[in-house]
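The data block below is entry13.cif; it holds mmCIF, C-alpha atoms.
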data_target
#
loop_
_atom_site.label_atom_id
_atom_site.label_comp_id
_atom_site.auth_asym_id
_atom_site.auth_seq_id
_atom_site.Cartn_x
_atom_site.Cartn_y
_atom_site.Cartn_z
CA GLY A 159 -10.35 10.67 -1.49
CA PHE A 160 -12.78 11.55 1.26
CA GLY A 161 -13.46 10.25 4.72
CA GLY A 162 -13.90 11.04 8.38
CA PHE A 163 -12.45 10.64 11.85
CA ILE A 164 -13.63 10.31 15.43
CA GLY A 165 -11.63 10.30 18.63
CA CYS A 166 -11.26 11.05 22.29
CA ASN A 167 -8.50 13.11 23.93
CA ALA A 168 -7.25 13.65 27.46
CA LEU A 169 -5.44 16.85 28.50
CA TRP A 170 -2.67 17.15 31.14
CA ASP A 171 -1.49 20.75 31.33
CA ALA A 172 -0.56 21.28 27.66
CA ALA A 173 0.04 17.59 26.81
CA VAL A 174 -2.71 15.88 24.83
CA ILE A 175 -3.00 12.09 24.49
CA GLY A 176 -5.84 10.39 22.68
CA VAL A 177 -7.21 7.57 20.58
CA GLU A 178 -8.69 8.05 17.14
CA ALA A 179 -10.28 6.09 14.31
CA SER A 180 -10.26 7.26 10.72
CA TYR A 181 -11.76 6.09 7.42
CA MET A 182 -10.87 7.11 3.88
CA HIS A 183 -12.35 6.13 0.52
CA GLY A 184 -10.47 6.73 -2.73
CA THR A 185 -8.11 5.02 -5.15
CA PHE A 186 -4.66 4.35 -3.74
CA GLY A 187 -2.01 1.77 -4.45
CA GLY A 188 1.02 0.88 -6.42
CA SER A 189 2.46 -1.44 -9.02
CA ALA A 190 5.77 -3.05 -9.88
CA PHE A 191 7.25 -4.62 -13.01
CA GLY A 192 10.39 -6.69 -13.20
CA THR A 193 12.21 -8.75 -15.77
CA MET A 194 15.04 -11.23 -15.46
CA SER A 195 16.94 -13.25 -18.08
CA ARG A 196 19.19 -16.29 -17.62
CA SER A 197 21.14 -18.62 -19.90
CA TYR A 198 22.14 -22.10 -18.82
CA SER A 199 22.97 -25.57 -20.16
CA ALA A 200 20.88 -28.49 -18.98
CA SER A 201 21.64 -32.20 -18.71
CA ASP A 202 19.31 -32.89 -21.67
CA GLY A 203 21.87 -31.28 -24.03
CA TYR A 204 19.96 -28.08 -24.61
CA ALA A 205 21.24 -24.57 -23.94
CA TYR A 206 18.36 -22.47 -22.64
CA ASN A 207 17.82 -18.71 -22.85
CA VAL A 208 14.97 -17.90 -20.46
CA THR A 209 13.30 -14.56 -19.65
CA SER A 210 10.73 -13.91 -16.95
CA ASP A 211 8.50 -10.81 -16.94
CA ASN A 212 6.47 -10.15 -13.79
CA TYR A 213 3.83 -7.54 -13.02
CA ALA A 214 1.97 -6.92 -9.77
CA ALA A 215 -0.45 -4.20 -8.74
CA MET A 216 -2.46 -3.48 -5.64
CA THR A 217 -5.32 -0.95 -5.59
CA ILE A 218 -6.83 0.04 -2.27
CA ARG A 219 -10.32 1.59 -2.25
CA ASP A 220 -11.13 1.78 1.45
CA MET A 221 -8.75 2.32 4.38
CA ALA A 222 -9.42 2.53 8.10
CA THR A 223 -7.02 3.14 10.98
CA ALA A 224 -7.13 2.86 14.75
CA ARG A 225 -4.38 4.97 16.26
CA ILE A 226 -3.03 6.63 19.36
CA ARG A 227 -1.89 10.20 19.16
CA GLY A 228 0.03 12.59 21.32
CA GLY A 229 0.57 16.31 21.01
CA TRP A 230 1.28 19.57 22.75
CA SER A 231 -1.29 22.37 22.89
CA THR A 232 0.21 25.77 22.09
CA GLY A 233 -2.49 28.43 22.12
CA MET A 234 -4.76 27.85 19.12
CA PHE A 235 -2.59 25.04 17.69
CA LEU A 236 -2.16 21.37 18.56
CA PRO A 237 0.77 19.77 16.72
CA TYR A 238 0.65 15.97 17.13
CA GLY A 239 2.07 12.65 16.01
CA PHE A 240 0.34 9.27 15.81
CA VAL A 241 0.88 5.54 15.27
CA GLY A 242 -1.63 2.77 14.79
CA ALA A 243 -2.98 -0.24 12.95
CA ALA A 244 -4.50 -0.07 9.45
CA ILE A 245 -6.88 -2.20 7.42
CA GLY A 246 -7.70 -1.80 3.73
CA LEU A 247 -10.00 -3.28 1.10
CA GLY A 248 -9.03 -3.50 -2.57
CA ASP A 249 -7.82 -5.60 -5.49
CA VAL A 250 -4.60 -7.44 -6.38
CA GLN A 251 -3.44 -8.26 -9.92
CA ARG A 252 -0.43 -10.46 -10.67
CA THR A 253 0.96 -11.77 -13.97
CA ALA A 254 4.07 -13.84 -14.69
CA ASN A 255 5.31 -14.65 -18.21
CA VAL A 256 8.23 -17.05 -18.76
CA TYR A 257 9.52 -17.46 -22.30
CA GLY A 258 12.63 -18.39 -24.21
CA THR A 259 14.31 -20.97 -26.43
CA GLY A 260 16.16 -24.22 -26.01
CA VAL A 261 18.91 -24.93 -28.57
CA ASN A 262 20.55 -28.31 -29.22
CA ALA A 263 22.49 -28.60 -32.50
CA SER A 264 22.78 -32.39 -32.14
CA ALA A 265 19.02 -32.95 -31.72
CA PRO A 266 16.98 -34.39 -34.64
CA PRO A 267 15.77 -31.84 -37.24
CA GLY A 268 12.72 -29.96 -35.99
CA PHE A 269 13.89 -30.32 -32.39
CA GLN A 270 17.07 -28.25 -32.56
CA ASN A 271 15.36 -24.96 -31.59
CA ILE A 272 12.42 -25.21 -29.22
CA ALA A 273 10.55 -22.05 -28.22
CA PHE A 274 8.37 -21.88 -25.14
CA ASN A 275 6.06 -19.29 -23.61
CA TYR A 276 4.08 -19.73 -20.37
CA THR A 277 1.83 -17.11 -18.78
CA GLU A 278 0.00 -17.20 -15.46
CA SER A 279 -2.31 -14.49 -14.14
CA GLY A 280 -4.20 -14.11 -10.92
CA ASP A 281 -6.62 -11.46 -9.77
CA GLN A 282 -8.01 -11.17 -6.29
CA LYS A 283 -11.00 -8.87 -5.87
CA ASN A 284 -12.08 -7.38 -2.55
CA ALA A 285 -8.98 -8.55 -0.71
CA VAL A 286 -8.44 -7.42 2.88
CA PHE A 287 -5.02 -5.89 3.64
CA PHE A 288 -3.47 -5.31 7.07
CA GLY A 289 -0.74 -2.89 7.97
CA TYR A 290 0.28 0.04 10.11
CA SER A 291 -0.05 3.80 10.12
CA ALA A 292 2.11 6.69 11.33
CA GLY A 293 2.04 10.41 10.76
CA LEU A 294 2.12 14.03 11.85
CA GLY A 295 -0.50 16.74 11.93
CA VAL A 296 -1.74 19.97 13.41
CA ASP A 297 -5.19 21.02 14.63
CA MET A 298 -6.09 24.72 14.70
CA MET A 299 -8.99 25.99 16.82
CA LEU A 300 -11.40 28.29 15.03
CA LEU A 301 -14.63 29.49 16.62
CA GLY A 302 -16.04 27.79 19.70
CA CYS A 303 -15.45 24.07 19.32
CA MET A 304 -14.72 24.04 15.57
CA PHE A 305 -11.19 23.21 14.41
CA LEU A 306 -9.26 22.71 11.18
CA ARG A 307 -6.89 19.80 10.70
CA ALA A 308 -3.98 19.21 8.34
CA GLU A 309 -2.06 15.93 8.48
CA TRP A 310 0.32 13.67 6.65
CA GLU A 311 -0.15 9.91 7.05
CA TYR A 312 2.06 7.02 5.97
CA LEU A 313 0.35 3.65 5.63
CA ARG A 314 2.11 0.37 4.87
CA PHE A 315 0.10 -2.64 3.68
CA THR A 316 1.39 -6.14 2.96
CA HIS A 317 -0.49 -8.81 1.05
CA ARG A 318 2.01 -10.71 -1.10
CA ILE A 319 2.74 -7.22 -2.44
CA ASP A 320 4.05 -4.51 -0.15
CA THR A 321 2.40 -1.16 -0.80
CA SER A 322 3.03 2.16 0.89
CA VAL A 323 0.45 4.94 0.75
CA ASN A 324 1.28 8.54 1.64
CA THR A 325 -1.64 10.91 2.09
CA PHE A 326 -1.87 14.57 2.95
CA ARG A 327 -5.30 15.69 3.96
CA VAL A 328 -7.17 18.61 5.42
CA GLY A 329 -10.45 18.56 7.26
CA ALA A 330 -12.70 20.18 9.78
CA GLY A 331 -13.86 18.84 13.11
CA TYR A 332 -16.10 19.62 16.05
CA LYS A 333 -14.88 19.17 19.63
CA PHE A 334 -17.50 18.12 22.18
#

Mind converting the file's structure to structure tokens?
Amino acid sequence: GFGGFIGCNALWDAAVIGVEASYMHGTFGGSAFGTMSRSYSASDGYAYNVTSDNYAAMTIRDMATARIRGGWSTGMFLPYGFVGAAIGLGDVQRTANVYGTGVNASAPPGFQNIAFNYTESGDQKNAVFFGYSAGLGVDMMLLGCMFLRAEWEYLRFTHRIDTSVNTFRVGAGYKF
């Protein structure tokens, strides 16, 4: 992915506290698949064997964070940590398939074995996701006001599907 950041810092001796906003564009997300089977007897005289297959995926294309950060300046380096709120834009896909058989030996011929299969799917395009952000990083001063940055960020989004995104990124910045 690619993106940018902007922020403002205050310095007290070697302690640095600031606010920052970041944006990243890319393809991030996750998916999950699960299956479950059950057998039971119903009051209609049938014994049912039922299986449910479920799939869900969330793809995030754009992410933005607003965060507070704190660090300690040590010469050319500024190690820091941050926490904040996150918002994302992406797509959600969900599919559920329930299938099985109902068996009743005493039912009329043709109705002793009944197979069934039901599928439901739902896609949501351009969904907005909300979550939080936390991470660690280090800035390194280069020449004048130029600095390099390396950071790890953990983002957690929830939108009927919980998705965690871990990013490691490097960048360059200019300090005014």

Counting all atoms listed in the file, the option among A:Val323, A:Gly203, A:Tyr213, A:Ala224 closest to Trp310 in chain A |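 Looking at the shortest contact to Trp310 in chain A, the residue is A:Val323.
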
Please, what distance in Å, to one decimal, runs between CA of Gly329 in chain A and CA of His183 in chain A?
-> 14.3 Å

Go through A:Ile319, A:Ala330, A:Met299, A:Val177 and flag the residue nearest Ser189 in chain A, using only C-alpha atoms for the distances.
->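 Closest to Ser189 in chain A of all the choices is A:Ile319.
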
Could you pull the residues within 8 Å of Gly239 in chain A, counting only C-alpha atoms, minus those fewer than 3 positions along the same chain, as a PyMOL selection string?
-> chain A and resi 227-229+292-295

For the structure shown, which residues end up in the PyMOL selection byres ((chain A and resi 191) around 8)? Put them as a PyMOL selection string, please?
-> chain A and resi 189-190+192-193+211-214

Written as a compact mmCIF listing (two decimals) with C-alpha atoms, keeping the file's coordinate frame, what is the full residue list that the PyMOL selection byres ((chain A and resi 184) around 12) yields on the file shown?
# COMPACT_ATOMS: atom_id res chain seq x y z
CA GLY A 159 -10.35 10.67 -1.49
CA PHE A 160 -12.78 11.55 1.26
CA GLY A 161 -13.46 10.25 4.72
CA TYR A 181 -11.76 6.09 7.42
CA MET A 182 -10.87 7.11 3.88
CA HIS A 183 -12.35 6.13 0.52
CA THR A 185 -8.11 5.02 -5.15
CA PHE A 186 -4.66 4.35 -3.74
CA GLY A 187 -2.01 1.77 -4.45
CA THR A 217 -5.32 -0.95 -5.59
CA ILE A 218 -6.83 0.04 -2.27
CA ARG A 219 -10.32 1.59 -2.25
CA ASP A 220 -11.13 1.78 1.45
CA MET A 221 -8.75 2.32 4.38
CA ALA A 222 -9.42 2.53 8.10
CA GLY A 246 -7.70 -1.80 3.73
CA LEU A 247 -10.00 -3.28 1.10
CA GLY A 248 -9.03 -3.50 -2.57
CA VAL A 323 0.45 4.94 0.75
CA THR A 325 -1.64 10.91 2.09
